[in-house]
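Peer 1: So that we are looking at the same thing, I have put the structure below in structure tokens.
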Amino acid sequence: MTTGNTNETAADAAGGSDVDPAVRAELDRLRDSIDNIDAAVVHMLAERFKCTQQVGHLKAAHQLPPADPARESQQIARLRRLAENAKLDPAFAEKLLNFIIAEVIRHHESIADGAVDGPAGP
């Protein structure tokens, strides 16, 4: 997800180094911002998954199903609205959330399977 901020443009990769220093500085500034945003996204996803793991343990402890289609539909509709308001393609936002939901369900299924053999931890 990160650019790695290698400070290498297509011109540099092709052997050219005649990039205007002002353009290079702006490119580096933007790439630094992208790297910071990527780091924030990763940390936010990690926090989200910590919460969903707790949900998975709670569901397993109370024999609730790993998936909740009604909640998922609500979340997808909500995320599409947020994306539209943020000028982000809602179809992209939905694809991203569907990917995340699938991973969460997979985690919940694993937790439930473990809960059958032994106690589920928090």
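In the structure tokens, chains take the letters A, B, ... in the order shown, each chain's residues start at 1, and ligands count up from 1 in the order shown.
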Which residues in chain A does DSSP call alpha helix (DSSP H)? List them as a PyMOL selection string.
Peer 2: chain A and resi 10-13+21-61+69-85+90-117
Peer 1: Neighbouring residues of Glu103 (chain A) were defined as those with any atom within 12 Å, considering only C-alpha atoms; residues of the same chain fewer than 6 positions away were excluded. Please report them as a list in words.
Peer 2: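 Once the nearby chain positions are removed, what remains is Leu45, Arg48, Phe49, Thr52, Gln53, Gly56, Pro66, Ala67, Leu96, Leu97, Glu109 and Ser110 of chain A.
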Peer 1: Neighbouring residues of Glu94 (chain A) were defined as those with any atom within 7 Å, considering only C-alpha atoms; residues of the same chain fewer than 5 positions away were excluded. Please report them as a list of chain:residue names.
Peer 2: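 In the requested format, the answer is A:Ile76, A:Leu79, A:Arg80.
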Peer 1: Quick check, in Å to one decimal: how far apart do CA of Val23 (chain A) and CA of Ile37 (chain A) lie?
Peer 2: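 Rounded to one decimal, the two atoms are 21.0 Å apart.
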Peer 1: Just give me the gap between CA of His62 (chain A) and CA of Asp113 (chain A) in Å, one decimal is fine.
Peer 2: 13.1 Å
Peer 1: Using only C-alpha atoms, which residue out of A:Arg24, A:Lys95, A:Arg78, A:Arg106 lies closest to Pro65 (chain A)?
Peer 2: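 Smallest distance to Pro65 (chain A) is found for A:Arg106.
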Peer 1: Calculated over only C-alpha atoms, which of the candidates A:Lys59, A:Arg81, A:Lys87, A:Arg71 has the smallest distance to Ala112 (chain A)?
Peer 2: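 Closest to Ala112 (chain A), using only C-alpha atoms: A:Lys59.
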Peer 1: Ranking A:Glu26, A:His57, A:Asp18, A:Ala46 by minimum distance to Ile100 (chain A) and counting only C-alpha atoms, which one comes first?
Peer 2: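 Distance minimum relative to Ile100 (chain A) lands on A:Ala46.
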